[in-house]
>>> print(open('my_file-v2.cif').read())   # mmCIF, C-alpha atoms
data_coords
loop_
_atom_site.group_PDB
_atom_site.id
_atom_site.type_symbol
_atom_site.label_atom_id
_atom_site.label_comp_id
_atom_site.auth_asym_id
_atom_site.auth_seq_id
_atom_site.Cartn_x
_atom_site.Cartn_y
_atom_site.Cartn_z
ATOM 1 C CA MET N 1 -79.070 -20.607 -26.641
ATOM 2 C CA SER N 2 -76.795 -17.690 -27.457
ATOM 3 C CA THR N 3 -74.295 -17.860 -30.230
ATOM 4 C CA ALA N 4 -70.796 -16.391 -30.027
ATOM 5 C CA THR N 5 -70.200 -13.271 -32.039
ATOM 6 C CA LEU N 6 -67.773 -14.006 -34.822
ATOM 7 C CA PRO N 7 -65.269 -11.374 -35.911
ATOM 8 C CA PRO N 8 -65.907 -9.858 -39.327
ATOM 9 C CA LEU N 9 -64.127 -11.283 -42.311
ATOM 10 C CA GLY N 10 -60.708 -9.738 -42.697
ATOM 11 C CA ALA N 11 -60.285 -9.109 -38.963
ATOM 12 C CA PHE N 12 -57.440 -11.623 -38.936
ATOM 13 C CA SER N 13 -55.090 -10.713 -41.745
ATOM 14 C CA VAL N 14 -52.436 -13.105 -42.955
ATOM 15 C CA PRO N 15 -49.095 -11.325 -43.390
ATOM 16 C CA GLU N 16 -47.915 -11.053 -46.956
ATOM 17 C CA PRO N 17 -44.960 -13.359 -47.696
ATOM 18 C CA ASP N 18 -41.585 -11.667 -48.096
ATOM 19 C CA PRO N 19 -40.309 -13.006 -51.454
ATOM 20 C CA GLU N 20 -36.669 -12.256 -50.652
ATOM 21 C CA ALA N 21 -36.834 -14.012 -47.281
ATOM 22 C CA GLU N 22 -38.755 -16.951 -48.776
ATOM 23 C CA LEU N 23 -36.256 -17.362 -51.605
ATOM 24 C CA TYR N 24 -33.220 -17.109 -49.319
ATOM 25 C CA ARG N 25 -34.636 -19.711 -46.921
ATOM 26 C CA TYR N 26 -35.374 -21.951 -49.897
ATOM 27 C CA ALA N 27 -31.801 -21.559 -51.150
ATOM 28 C CA ALA N 28 -30.424 -22.312 -47.676
ATOM 29 C CA ARG N 29 -32.516 -25.482 -47.487
ATOM 30 C CA CYS N 30 -31.615 -26.721 -50.958
ATOM 31 C CA GLY N 31 -28.015 -25.515 -50.986
ATOM 32 C CA ARG N 32 -28.384 -24.216 -54.544
ATOM 33 C CA ILE N 33 -31.042 -22.776 -56.866
ATOM 34 C CA SER N 34 -30.641 -24.049 -60.398
ATOM 35 C CA SER N 35 -33.788 -22.307 -61.684
ATOM 36 C CA VAL N 36 -35.752 -19.418 -60.178
ATOM 37 C CA THR N 37 -38.792 -20.627 -62.139
ATOM 38 C CA THR N 38 -38.580 -24.019 -60.429
ATOM 39 C CA ALA N 39 -38.184 -22.294 -57.059
ATOM 40 C CA ALA N 40 -41.280 -20.181 -57.817
ATOM 41 C CA ALA N 41 -43.300 -23.329 -58.484
ATOM 42 C CA HIS N 42 -42.130 -24.916 -55.239
ATOM 43 C CA LEU N 43 -42.859 -21.787 -53.212
ATOM 44 C CA GLY N 44 -46.143 -20.965 -54.908
ATOM 45 C CA LEU N 45 -45.036 -17.425 -55.781
ATOM 46 C CA PRO N 46 -45.036 -15.607 -59.148
ATOM 47 C CA ALA N 47 -41.918 -16.226 -61.192
ATOM 48 C CA ASP N 48 -41.405 -12.525 -61.988
ATOM 49 C CA THR N 49 -41.644 -11.667 -58.276
ATOM 50 C CA LEU N 50 -38.947 -14.212 -57.433
ATOM 51 C CA GLN N 51 -36.757 -13.011 -60.313
ATOM 52 C CA ALA N 52 -36.792 -9.537 -58.762
ATOM 53 C CA ALA N 53 -36.173 -11.055 -55.307
ATOM 54 C CA ALA N 54 -33.206 -13.045 -56.640
ATOM 55 C CA ALA N 55 -31.680 -9.903 -58.171
ATOM 56 C CA ARG N 56 -32.028 -8.091 -54.850
ATOM 57 C CA LEU N 57 -30.454 -10.981 -52.935
ATOM 58 C CA VAL N 58 -27.503 -10.955 -55.325
ATOM 59 C CA GLU N 59 -27.114 -7.198 -54.709
ATOM 60 C CA LEU N 60 -27.086 -7.899 -50.968
ATOM 61 C CA HIS N 61 -24.503 -10.687 -51.502
ATOM 62 C CA LEU N 62 -26.865 -13.191 -49.869
ATOM 63 C CA LEU N 63 -26.826 -15.151 -53.145
ATOM 64 C CA ARG N 64 -23.930 -15.588 -55.527
ATOM 65 C CA THR N 65 -23.846 -17.106 -58.985
ATOM 66 C CA ASP N 66 -21.802 -20.241 -59.560
ATOM 67 C CA PRO N 67 -20.008 -21.203 -62.829
ATOM 68 C CA ASP N 68 -23.092 -23.122 -64.027
ATOM 69 C CA GLY N 69 -25.372 -20.120 -63.649
ATOM 70 C CA GLY N 70 -27.046 -21.334 -60.469
ATOM 71 C CA LEU N 71 -27.528 -19.324 -57.288
ATOM 72 C CA VAL N 72 -25.720 -20.366 -54.099
ATOM 73 C CA PRO N 73 -26.534 -18.915 -50.649
ATOM 74 C CA ARG N 74 -23.882 -17.085 -48.681
ATOM 75 C CA GLU N 75 -23.628 -16.902 -44.881
ATOM 76 C CA PRO N 76 -25.434 -13.771 -43.564
ATOM 77 C CA SER N 77 -22.339 -12.579 -41.658
ATOM 78 C CA ALA N 78 -20.200 -12.847 -44.811
ATOM 79 C CA ALA N 79 -22.829 -10.995 -46.845
ATOM 80 C CA ALA N 80 -23.042 -8.226 -44.246
ATOM 81 C CA GLU N 81 -19.261 -7.859 -44.307
ATOM 82 C CA LEU N 82 -19.241 -7.516 -48.104
ATOM 83 C CA VAL N 83 -22.046 -4.970 -48.097
ATOM 84 C CA VAL N 84 -21.232 -2.926 -45.020
ATOM 85 C CA THR N 85 -17.411 -2.810 -45.011
ATOM 86 C CA PRO N 86 -17.035 -0.572 -48.123
ATOM 87 C CA LEU N 87 -19.675 1.775 -46.732
ATOM 88 C CA GLU N 88 -17.964 1.908 -43.338
ATOM 89 C CA ARG N 89 -14.583 2.528 -44.954
ATOM 90 C CA ALA N 90 -15.938 5.337 -47.114
ATOM 91 C CA MET N 91 -17.706 6.870 -44.116
ATOM 92 C CA TYR N 92 -14.598 6.874 -41.960
ATOM 93 C CA GLU N 93 -12.340 8.082 -44.733
ATOM 94 C CA ARG N 94 -14.683 11.060 -45.081
ATOM 95 C CA ARG N 95 -14.611 11.529 -41.306
ATOM 96 C CA GLU N 96 -10.811 11.398 -41.367
ATOM 97 C CA MET N 97 -10.703 13.962 -44.166
ATOM 98 C CA ALA N 98 -13.129 16.212 -42.308
ATOM 99 C CA ASP N 99 -11.035 15.966 -39.148
ATOM 100 C CA ARG N 100 -7.859 16.843 -41.028
ATOM 101 C CA LEU N 101 -9.528 19.839 -42.655
ATOM 102 C CA ARG N 102 -10.849 20.957 -39.279
ATOM 103 C CA GLU N 103 -7.393 20.593 -37.740
ATOM 104 C CA ARG N 104 -5.867 22.567 -40.608
ATOM 105 C CA ILE N 105 -8.393 25.378 -40.131
ATOM 106 C CA ASP N 106 -7.755 25.307 -36.374
ATOM 107 C CA GLY N 107 -4.013 25.403 -37.015
ATOM 108 C CA ILE N 108 -4.380 28.523 -39.144
ATOM 109 C CA THR N 109 -6.771 30.368 -36.857
ATOM 110 C CA ARG N 110 -5.720 29.123 -33.391
ATOM 111 C CA ASN N 111 -4.162 31.477 -30.925
ATOM 112 C CA PRO N 112 -0.444 30.524 -30.741
ATOM 113 C CA ALA N 113 -0.804 30.030 -26.999
ATOM 114 C CA GLY N 114 -3.700 27.587 -27.494
ATOM 115 C CA ALA N 115 -3.498 23.892 -26.772
ATOM 116 C CA ALA N 116 -2.701 21.510 -29.596
ATOM 117 C CA GLY N 117 -4.178 18.121 -30.301
ATOM 118 C CA ALA N 118 -7.706 16.780 -30.499
ATOM 119 C CA LEU N 119 -10.115 14.460 -28.713
ATOM 120 C CA ASP N 120 -13.523 13.542 -30.072
ATOM 121 C CA ARG N 121 -16.307 11.153 -29.069
ATOM 122 C CA VAL N 122 -17.756 8.347 -31.198
ATOM 123 C CA GLU N 123 -20.944 6.489 -30.242
ATOM 124 C CA GLY N 124 -22.394 3.119 -31.251
ATOM 125 C CA VAL N 125 -20.834 -0.258 -32.010
ATOM 126 C CA ALA N 126 -20.755 0.274 -35.796
ATOM 127 C CA GLU N 127 -19.107 3.694 -35.448
ATOM 128 C CA ILE N 128 -16.469 2.422 -33.018
ATOM 129 C CA ARG N 129 -15.749 -0.696 -35.075
ATOM 130 C CA GLY N 130 -15.301 1.432 -38.189
ATOM 131 C CA LEU N 131 -13.003 3.858 -36.374
ATOM 132 C CA ILE N 132 -10.756 1.052 -35.097
ATOM 133 C CA LYS N 133 -10.786 -0.710 -38.475
ATOM 134 C CA LEU N 134 -9.683 2.414 -40.322
ATOM 135 C CA ALA N 135 -6.936 3.161 -37.788
ATOM 136 C CA ALA N 136 -5.672 -0.438 -38.036
ATOM 137 C CA GLU N 137 -5.542 -0.273 -41.831
ATOM 138 C CA VAL N 138 -3.050 2.618 -41.728
ATOM 139 C CA CYS N 139 -1.034 1.278 -38.763
ATOM 140 C CA ARG N 140 2.522 0.483 -39.864
ATOM 141 C CA ASP N 141 4.819 -0.034 -36.868
ATOM 142 C CA GLU N 142 3.261 -0.796 -33.496
ATOM 143 C CA LEU N 143 -0.134 -1.501 -31.958
ATOM 144 C CA VAL N 144 -0.752 -1.945 -28.224
ATOM 145 C CA VAL N 145 -4.004 -3.117 -26.615
ATOM 146 C CA LEU N 146 -5.339 -2.822 -23.080
ATOM 147 C CA HIS N 147 -8.127 -5.396 -22.694
ATOM 148 C CA PRO N 148 -9.917 -5.184 -19.318
ATOM 149 C CA GLY N 149 -11.728 -8.506 -19.716
ATOM 150 C CA GLU N 150 -14.814 -7.408 -17.822
ATOM 151 C CA ALA N 151 -18.466 -8.438 -18.208
ATOM 152 C CA ALA N 152 -18.621 -7.265 -21.832
ATOM 153 C CA ASP N 153 -15.764 -9.477 -23.086
ATOM 154 C CA ASP N 154 -17.572 -10.435 -26.295
ATOM 155 C CA LEU N 155 -18.362 -6.834 -27.189
ATOM 156 C CA VAL N 156 -14.809 -5.633 -26.515
ATOM 157 C CA ASP N 157 -13.469 -8.554 -28.574
ATOM 158 C CA GLU N 158 -15.799 -7.594 -31.416
ATOM 159 C CA LEU N 159 -14.672 -3.976 -31.321
ATOM 160 C CA LEU N 160 -10.988 -4.966 -31.220
ATOM 161 C CA ASP N 161 -11.188 -7.666 -33.918
ATOM 162 C CA ALA N 162 -9.950 -5.213 -36.526
ATOM 163 C CA CYS N 163 -6.695 -4.856 -34.602
ATOM 164 C CA CYS N 164 -5.861 -8.483 -35.404
ATOM 165 C CA SER N 165 -5.761 -7.664 -39.113
ATOM 166 C CA VAL N 166 -2.287 -6.122 -38.731
ATOM 167 C CA LEU N 167 -0.770 -9.393 -37.505
ATOM 168 C CA GLY N 168 1.598 -10.791 -40.085
ATOM 169 C CA ASP N 169 2.102 -7.404 -41.763
ATOM 170 C CA GLY N 170 5.269 -6.523 -39.870
ATOM 171 C CA VAL N 171 3.402 -4.564 -37.186
ATOM 172 C CA GLY N 172 4.411 -5.341 -33.600
ATOM 173 C CA VAL N 173 1.356 -6.144 -31.472
ATOM 174 C CA ARG N 174 1.383 -6.238 -27.662
ATOM 175 C CA VAL N 175 -1.682 -7.071 -25.572
ATOM 176 C CA VAL N 176 -2.214 -6.793 -21.813
ATOM 177 C CA CYS N 177 -5.272 -8.565 -20.402
ATOM 178 C CA PRO N 178 -6.324 -9.964 -17.010
ATOM 179 C CA HIS N 179 -5.230 -13.320 -15.580
ATOM 180 C CA ARG N 180 -8.818 -14.572 -15.844
ATOM 181 C CA SER N 181 -8.369 -14.732 -19.631
ATOM 182 C CA ARG N 182 -6.087 -17.725 -19.064
ATOM 183 C CA ALA N 183 -8.846 -19.762 -17.398
ATOM 184 C CA GLY N 184 -11.907 -19.348 -19.634
ATOM 185 C CA TYR N 185 -11.957 -21.738 -22.591
ATOM 186 C CA ALA N 186 -13.048 -19.170 -25.210
ATOM 187 C CA ALA N 187 -10.757 -16.415 -23.918
ATOM 188 C CA ARG N 188 -7.786 -18.787 -23.707
ATOM 189 C CA ALA N 189 -8.417 -20.057 -27.240
ATOM 190 C CA ARG N 190 -8.467 -16.477 -28.452
ATOM 191 C CA LEU N 191 -5.157 -15.658 -26.725
ATOM 192 C CA THR N 192 -3.596 -18.829 -28.132
ATOM 193 C CA HIS N 193 -4.750 -17.868 -31.640
ATOM 194 C CA LEU N 194 -3.353 -14.328 -31.342
ATOM 195 C CA SER N 195 -0.092 -15.602 -29.883
ATOM 196 C CA GLY N 196 0.244 -18.094 -32.724
ATOM 197 C CA ARG N 197 -0.091 -15.253 -35.225
ATOM 198 C CA GLY N 198 2.734 -13.294 -33.607
ATOM 199 C CA ALA N 199 1.131 -11.140 -30.913
ATOM 200 C CA GLN N 200 2.988 -10.738 -27.615
ATOM 201 C CA ILE N 201 0.567 -11.222 -24.713
ATOM 202 C CA ARG N 202 0.951 -10.694 -20.987
ATOM 203 C CA THR N 203 -1.554 -10.915 -18.157
ATOM 204 C CA LEU N 204 -1.946 -9.371 -14.712
ATOM 205 C CA SER N 205 -4.569 -9.290 -12.000
ATOM 206 C CA ARG N 206 -6.445 -6.256 -13.289
ATOM 207 C CA VAL N 207 -6.469 -4.044 -16.399
ATOM 208 C CA PRO N 208 -8.139 -0.683 -15.656
ATOM 209 C CA GLU N 209 -9.452 0.406 -19.060
ATOM 210 C CA ALA N 210 -9.958 -0.712 -22.650
ATOM 211 C CA ALA N 211 -7.754 1.177 -25.076
ATOM 212 C CA VAL N 212 -5.719 0.804 -28.269
ATOM 213 C CA VAL N 213 -2.730 2.914 -29.333
ATOM 214 C CA PHE N 214 -1.693 2.952 -32.993
ATOM 215 C CA ASP N 215 1.884 3.855 -33.999
ATOM 216 C CA ARG N 216 2.366 5.912 -30.800
ATOM 217 C CA SER N 217 0.375 8.732 -32.390
ATOM 218 C CA LEU N 218 -3.337 7.859 -32.168
ATOM 219 C CA ALA N 219 -5.265 6.274 -29.312
ATOM 220 C CA VAL N 220 -8.823 4.983 -29.005
ATOM 221 C CA THR N 221 -10.278 4.511 -25.524
ATOM 222 C CA LEU N 222 -13.445 2.456 -25.085
ATOM 223 C CA ASP N 223 -16.325 2.909 -22.664
ATOM 224 C CA VAL N 224 -18.374 -0.254 -23.085
ATOM 225 C CA ALA N 225 -20.957 0.816 -20.502
ATOM 226 C CA ASP N 226 -22.378 3.562 -22.737
ATOM 227 C CA LEU N 227 -21.121 2.182 -26.090
ATOM 228 C CA SER N 228 -18.830 5.098 -26.778
ATOM 229 C CA ALA N 229 -15.184 5.684 -27.620
ATOM 230 C CA ARG N 230 -12.835 8.627 -27.694
ATOM 231 C CA ARG N 231 -10.313 9.180 -30.414
ATOM 232 C CA VAL N 232 -7.264 10.832 -28.885
ATOM 233 C CA ARG N 233 -4.773 12.740 -31.028
ATOM 234 C CA ASP N 234 -3.285 14.916 -28.301
ATOM 235 C CA GLN N 235 0.291 13.682 -28.071
ATOM 236 C CA GLY N 236 0.514 14.323 -24.343
ATOM 237 C CA MET N 237 -2.481 12.047 -23.722
ATOM 238 C CA VAL N 238 -1.114 9.419 -26.109
ATOM 239 C CA ARG N 239 2.221 9.425 -24.243
ATOM 240 C CA PHE N 240 0.335 9.071 -20.956
ATOM 241 C CA LEU N 241 -1.539 6.005 -22.237
ATOM 242 C CA LEU N 242 1.678 4.485 -23.570
ATOM 243 C CA GLY N 243 3.371 5.089 -20.220
ATOM 244 C CA LEU N 244 0.464 3.371 -18.454
ATOM 245 C CA PHE N 245 0.667 0.464 -20.874
ATOM 246 C CA ASP N 246 4.437 0.080 -20.465
ATOM 247 C CA GLN N 247 4.121 0.120 -16.668
ATOM 248 C CA LEU N 248 1.459 -2.596 -16.756
ATOM 249 C CA TRP N 249 3.455 -4.555 -19.352
ATOM 250 C CA ASP N 250 6.621 -4.563 -17.227
ATOM 251 C CA GLY N 251 4.716 -5.983 -14.242
ATOM 252 C CA ALA N 252 2.679 -8.538 -16.203
ATOM 253 C CA THR N 253 3.343 -12.244 -16.772
ATOM 254 C CA PRO N 254 4.007 -13.520 -20.321
ATOM 255 C CA PHE N 255 1.308 -15.770 -21.742
ATOM 256 C CA SER N 256 2.227 -19.149 -23.198
ATOM 257 C CA ALA N 257 -0.120 -21.589 -24.905
ATOM 258 C CA GLU N 258 1.485 -24.354 -22.820
ATOM 259 C CA ASP N 259 0.467 -22.751 -19.507
ATOM 260 C CA GLN N 260 -2.649 -24.201 -17.921
ATOM 261 C CA GLY N 261 -5.045 -21.922 -16.014
ATOM 262 C CA TYR N 262 -3.913 -20.330 -12.746
ATOM 263 C CA SER N 263 -0.632 -21.759 -11.536
ATOM 264 C CA GLY N 264 2.612 -20.675 -9.903
ATOM 265 C CA GLU N 265 3.295 -16.972 -10.318
ATOM 266 C CA ILE N 266 -0.178 -16.343 -11.755
ATOM 267 C CA ALA N 267 -1.972 -17.811 -8.729
ATOM 268 C CA HIS N 268 0.299 -15.916 -6.334
ATOM 269 C CA ASP N 269 -0.255 -12.613 -8.140
ATOM 270 C CA LEU N 270 -4.024 -13.143 -8.231
ATOM 271 C CA GLN N 271 -4.151 -13.973 -4.526
ATOM 272 C CA GLN N 272 -2.141 -10.844 -3.777
ATOM 273 C CA ALA N 273 -4.724 -8.755 -5.623
ATOM 274 C CA ILE N 274 -7.617 -10.453 -3.805
ATOM 275 C CA ALA N 275 -5.916 -9.998 -0.426
ATOM 276 C CA ARG N 276 -5.278 -6.323 -1.136
ATOM 277 C CA LEU N 277 -8.942 -5.734 -1.916
ATOM 278 C CA MET N 278 -10.178 -7.829 1.016
ATOM 279 C CA ALA N 279 -7.965 -5.831 3.373
ATOM 280 C CA GLN N 280 -9.933 -2.744 2.289
ATOM 281 C CA GLY N 281 -13.099 -4.384 3.612
ATOM 282 C CA LEU N 282 -14.639 -4.854 0.155
ATOM 283 C CA THR N 283 -17.368 -7.450 -0.410
ATOM 284 C CA ASP N 284 -16.919 -10.530 -2.583
ATOM 285 C CA GLU N 285 -19.078 -8.874 -5.236
ATOM 286 C CA VAL N 286 -16.896 -5.754 -5.369
ATOM 287 C CA VAL N 287 -13.671 -7.784 -5.370
ATOM 288 C CA ALA N 288 -15.007 -9.905 -8.242
ATOM 289 C CA ARG N 289 -16.041 -6.825 -10.220
ATOM 290 C CA ARG N 290 -12.654 -5.154 -9.701
ATOM 291 C CA LEU N 291 -10.884 -8.262 -10.973
ATOM 292 C CA GLY N 292 -13.311 -8.866 -13.853
ATOM 293 C CA MET N 293 -14.442 -12.336 -12.755
ATOM 294 C CA SER N 294 -17.654 -13.964 -11.577
ATOM 295 C CA VAL N 295 -18.516 -13.872 -7.872
ATOM 296 C CA ARG N 296 -18.468 -17.682 -7.769
ATOM 297 C CA THR N 297 -14.944 -17.839 -9.191
ATOM 298 C CA CYS N 298 -13.794 -15.090 -6.853
ATOM 299 C CA ARG N 299 -15.154 -16.952 -3.828
ATOM 300 C CA ARG N 300 -13.332 -20.117 -4.892
ATOM 301 C CA HIS N 301 -10.052 -18.193 -4.922
ATOM 302 C CA ILE N 302 -10.816 -16.609 -1.551
ATOM 303 C CA ALA N 303 -11.657 -20.000 -0.034
ATOM 304 C CA ALA N 304 -8.438 -21.534 -1.361
ATOM 305 C CA MET N 305 -6.397 -18.597 -0.091
ATOM 306 C CA LEU N 306 -7.911 -18.455 3.397
ATOM 307 C CA GLN N 307 -8.297 -22.134 4.176
ATOM 308 C CA ASN N 308 -5.247 -22.075 6.467
ATOM 309 C CA LEU N 309 -5.884 -18.663 8.085
ATOM 310 C CA ASP N 310 -7.310 -18.477 11.612
ATOM 311 C CA ALA N 311 -9.495 -15.338 11.363
ATOM 312 C CA VAL N 312 -12.695 -14.326 13.138
ATOM 313 C CA SER N 313 -13.836 -11.823 10.495
ATOM 314 C CA ARG N 314 -13.517 -11.251 6.780
ATOM 315 C CA PHE N 315 -11.592 -8.031 7.368
ATOM 316 C CA GLN N 316 -9.148 -9.792 9.668
ATOM 317 C CA ALA N 317 -8.747 -12.538 7.089
ATOM 318 C CA GLY N 318 -7.953 -9.931 4.448
ATOM 319 C CA VAL N 319 -5.379 -8.238 6.687
ATOM 320 C CA GLN N 320 -3.753 -11.563 7.549
ATOM 321 C CA ALA N 321 -3.649 -12.548 3.891
ATOM 322 C CA ALA N 322 -2.180 -9.184 2.956
ATOM 323 C CA SER N 323 0.492 -9.575 5.664
ATOM 324 C CA ARG N 324 1.287 -13.082 4.475
ATOM 325 C CA PHE N 325 1.805 -11.812 0.949
ATOM 326 C CA THR N 326 3.937 -8.912 2.261
ATOM 327 C CA LEU N 327 1.712 -6.333 0.651
ATOM 328 C CA ALA N 328 2.233 -2.622 1.220
#
>>> encode(input="my_file-v2.cif", output="structure tokens")
Amino acid sequence: MSTATLPPLGAFSVPEPDPEAELYRYAARCGRISSVTTAAAHLGLPADTLQAAAARLVELHLLRTDPDGGLVPREPSAAAELVVTPLERAMYERREMADRLRERIDGITRNPAGAAGALDRVEGVAEIRGLIKLAAEVCRDELVVLHPGEAADDLVDELLDACCSVLGDGVGVRVVCPHRSRAGYAARARLTHLSGRGAQIRTLSRVPEAAVVFDRSLAVTLDVADLSARRVRDQGMVRFLLGLFDQLWDGATPFSAEDQGYSGEIAHDLQQAIARLMAQGLTDEVVARRLGMSVRTCRRHIAAMLQNLDAVSRFQAGVQAASRFTLA
């Protein structure tokens, strides 16, 4: 009878415990650490090791001392904000200084016939968030936001969160976003919150790009697909973006917290947009993508719009719908 070959001793290694992680989890479970020595006994780890771990957790703001000398855990997101924000601010202040020095050198050495202004690319969520945060901190008069409300809503919201910090500081904030933001629970709650803090919000069937303009002098355009942004200082480009925003704003419908979903003018405007795209022979998937909504939601709108049309093809239905809505 053969016996199975056993692996040599040490072939299966047990990972070494991470004292900082162990201590933080212990603090989160207990709610408070009154004595690191007691925690060491409970965790079966050397007291001096946990003392060093506690000091490191305090440095990382994951633990804070209370008036009685105990250690209280802090939420990871709050700790990250305390640790990272000063570093981000310092980094972007240095970037701003470098850009100003570069512009000054360019201004001295540039051919008088050369083009003025600047446009540079920033990559990565942390870089973009820091750029927007720094621009918002120095914004004094007006901030306008184009929010496309596409598949990456959460990411765009995260990147634009810093813009909300100017609300209540005397800065006028205007936001244009798609009608679909009125229907989703989370998106609607967000609009209601911003509106309650003083932002003016309007919606329309489609917003083409994500962009923010600060004080009519600096713009940041976002490309969520490749996690990049462009900081635009060229005043001609900034004026172009503001003109685009104002045109969309004039044709958009004001948002009110009392409004419920798609109704009245909103439903009519949305059906016009769907009919216009259907008349081009586009598929449900393409129509949904253009309007920043799910295919299922798009099909519900199409079904509601076409239920009374006598059409033998989708294209014919789109043309009939477009004619009904008197579209050009």
>>> closest_residue(input="my_file-v2.cif", among="N:Ser181, N:Gly130, N:Gly292, N:Arg190", to="N:Pro208", atoms="all atoms listed in the file")
N:Gly292
>>> closest_residue(input="my_file-v2.cif", among="N:Val212, N:Ala229, N:Leu282, N:Ala303", to="N:Leu241", atoms="only C-alpha atoms")
N:Val212
>>> atom_distance(input="my_file-v2.cif", atom1="atom CA of N:Ala126", atom2="atom CA of N:Arg197")
25.9 Å
>>> resolve_selection(input="my_file-v2.cif", expression="the PyMOL selection byres ((chain N and resi 45) around 12)", output="short mmCIF file (atom, residue, chain, number, x, y, z; two decimals) with C-alpha atoms, keeping the file's coordinate frame")
data_model
loop_
_atom_site.label_atom_id
_atom_site.label_comp_id
_atom_site.auth_asym_id
_atom_site.auth_seq_id
_atom_site.Cartn_x
_atom_site.Cartn_y
_atom_site.Cartn_z
CA GLU N 16 -47.92 -11.05 -46.96
CA PRO N 17 -44.96 -13.36 -47.70
CA ASP N 18 -41.58 -11.67 -48.10
CA PRO N 19 -40.31 -13.01 -51.45
CA GLU N 20 -36.67 -12.26 -50.65
CA GLU N 22 -38.76 -16.95 -48.78
CA LEU N 23 -36.26 -17.36 -51.60
CA VAL N 36 -35.75 -19.42 -60.18
CA THR N 37 -38.79 -20.63 -62.14
CA THR N 38 -38.58 -24.02 -60.43
CA ALA N 39 -38.18 -22.29 -57.06
CA ALA N 40 -41.28 -20.18 -57.82
CA ALA N 41 -43.30 -23.33 -58.48
CA HIS N 42 -42.13 -24.92 -55.24
CA LEU N 43 -42.86 -21.79 -53.21
CA GLY N 44 -46.14 -20.96 -54.91
CA PRO N 46 -45.04 -15.61 -59.15
CA ALA N 47 -41.92 -16.23 -61.19
CA ASP N 48 -41.40 -12.52 -61.99
CA THR N 49 -41.64 -11.67 -58.28
CA LEU N 50 -38.95 -14.21 -57.43
CA GLN N 51 -36.76 -13.01 -60.31
CA ALA N 52 -36.79 -9.54 -58.76
CA ALA N 53 -36.17 -11.06 -55.31
#
>>> atom_distance(input="my_file-v2.cif", atom1="atom CA of N:Pro86", atom2="atom CA of N:Leu60")
12.8 Å
>>> atom_distance(input="my_file-v2.cif", atom1="atom CA of N:Thr192", atom2="atom CA of N:Arg140")
23.4 Å
>>> closest_residue(input="my_file-v2.cif", among="N:Ala183, N:Ile201, N:Ala90, N:Ala55", to="N:Phe255", atoms="only C-alpha atoms")
N:Ile201
>>> closest_residue(input="my_file-v2.cif", among="N:Lys133, N:His61, N:Arg188, N:Arg95", to="N:Ala79", atoms="all atoms listed in the file")
N:His61
>>> residues_around(input="my_file-v2.cif", residues="N:Val207", least_positions_apart="3", cutoff="10 Å", atoms="all atoms listed in the file", output="PyMOL selection string")
chain N and resi 146-150+176-179+203-204+210+245+248+290-292
>>> closest_residue(input="my_file-v2.cif", among="N:Val83, N:Met91, N:Leu227, N:Val173", to="N:Leu131", atoms="only C-alpha atoms")
N:Met91
>>> closest_residue(input="my_file-v2.cif", among="N:Val232, N:Leu191, N:Arg206, N:Ala225", to="N:Arg289", atoms="only C-alpha atoms")
N:Arg206
>>> resolve_selection(input="my_file-v2.cif", expression="the PyMOL selection byres ((chain N and resi 64) around 12)", output="PyMOL selection string")
chain N and resi 24+27+31-34+54-63+65-75+78-79+82
>>> write_last_selection(input="my_file-v2.cif", atoms="C-alpha atoms", output="PDB file, keeping the file's coordinate frame")
ATOM      1  CA  TYR N  24     -33.220 -17.109 -49.319  1.00  0.00           C
ATOM      2  CA  ALA N  27     -31.801 -21.559 -51.150  1.00  0.00           C
ATOM      3  CA  GLY N  31     -28.015 -25.515 -50.986  1.00  0.00           C
ATOM      4  CA  ARG N  32     -28.384 -24.216 -54.544  1.00  0.00           C
ATOM      5  CA  ILE N  33     -31.042 -22.776 -56.866  1.00  0.00           C
ATOM      6  CA  SER N  34     -30.641 -24.049 -60.398  1.00  0.00           C
ATOM      7  CA  ALA N  54     -33.206 -13.045 -56.640  1.00  0.00           C
ATOM      8  CA  ALA N  55     -31.680  -9.903 -58.171  1.00  0.00           C
ATOM      9  CA  ARG N  56     -32.028  -8.091 -54.850  1.00  0.00           C
ATOM     10  CA  LEU N  57     -30.454 -10.981 -52.935  1.00  0.00           C
ATOM     11  CA  VAL N  58     -27.503 -10.955 -55.325  1.00  0.00           C
ATOM     12  CA  GLU N  59     -27.114  -7.198 -54.709  1.00  0.00           C
ATOM     13  CA  LEU N  60     -27.086  -7.899 -50.968  1.00  0.00           C
ATOM     14  CA  HIS N  61     -24.503 -10.687 -51.502  1.00  0.00           C
ATOM     15  CA  LEU N  62     -26.865 -13.191 -49.869  1.00  0.00           C
ATOM     16  CA  LEU N  63     -26.826 -15.151 -53.145  1.00  0.00           C
ATOM     17  CA  THR N  65     -23.846 -17.106 -58.985  1.00  0.00           C
ATOM     18  CA  ASP N  66     -21.802 -20.241 -59.560  1.00  0.00           C
ATOM     19  CA  PRO N  67     -20.008 -21.203 -62.829  1.00  0.00           C
ATOM     20  CA  ASP N  68     -23.092 -23.122 -64.027  1.00  0.00           C
ATOM     21  CA  GLY N  69     -25.372 -20.120 -63.649  1.00  0.00           C
ATOM     22  CA  GLY N  70     -27.046 -21.334 -60.469  1.00  0.00           C
ATOM     23  CA  LEU N  71     -27.528 -19.324 -57.288  1.00  0.00           C
ATOM     24  CA  VAL N  72     -25.720 -20.366 -54.099  1.00  0.00           C
ATOM     25  CA  PRO N  73     -26.534 -18.915 -50.649  1.00  0.00           C
ATOM     26  CA  ARG N  74     -23.882 -17.085 -48.681  1.00  0.00           C
ATOM     27  CA  GLU N  75     -23.628 -16.902 -44.881  1.00  0.00           C
ATOM     28  CA  ALA N  78     -20.200 -12.847 -44.811  1.00  0.00           C
ATOM     29  CA  ALA N  79     -22.829 -10.995 -46.845  1.00  0.00           C
ATOM     30  CA  LEU N  82     -19.241  -7.516 -48.104  1.00  0.00           C
TER      31      LEU N  82
END
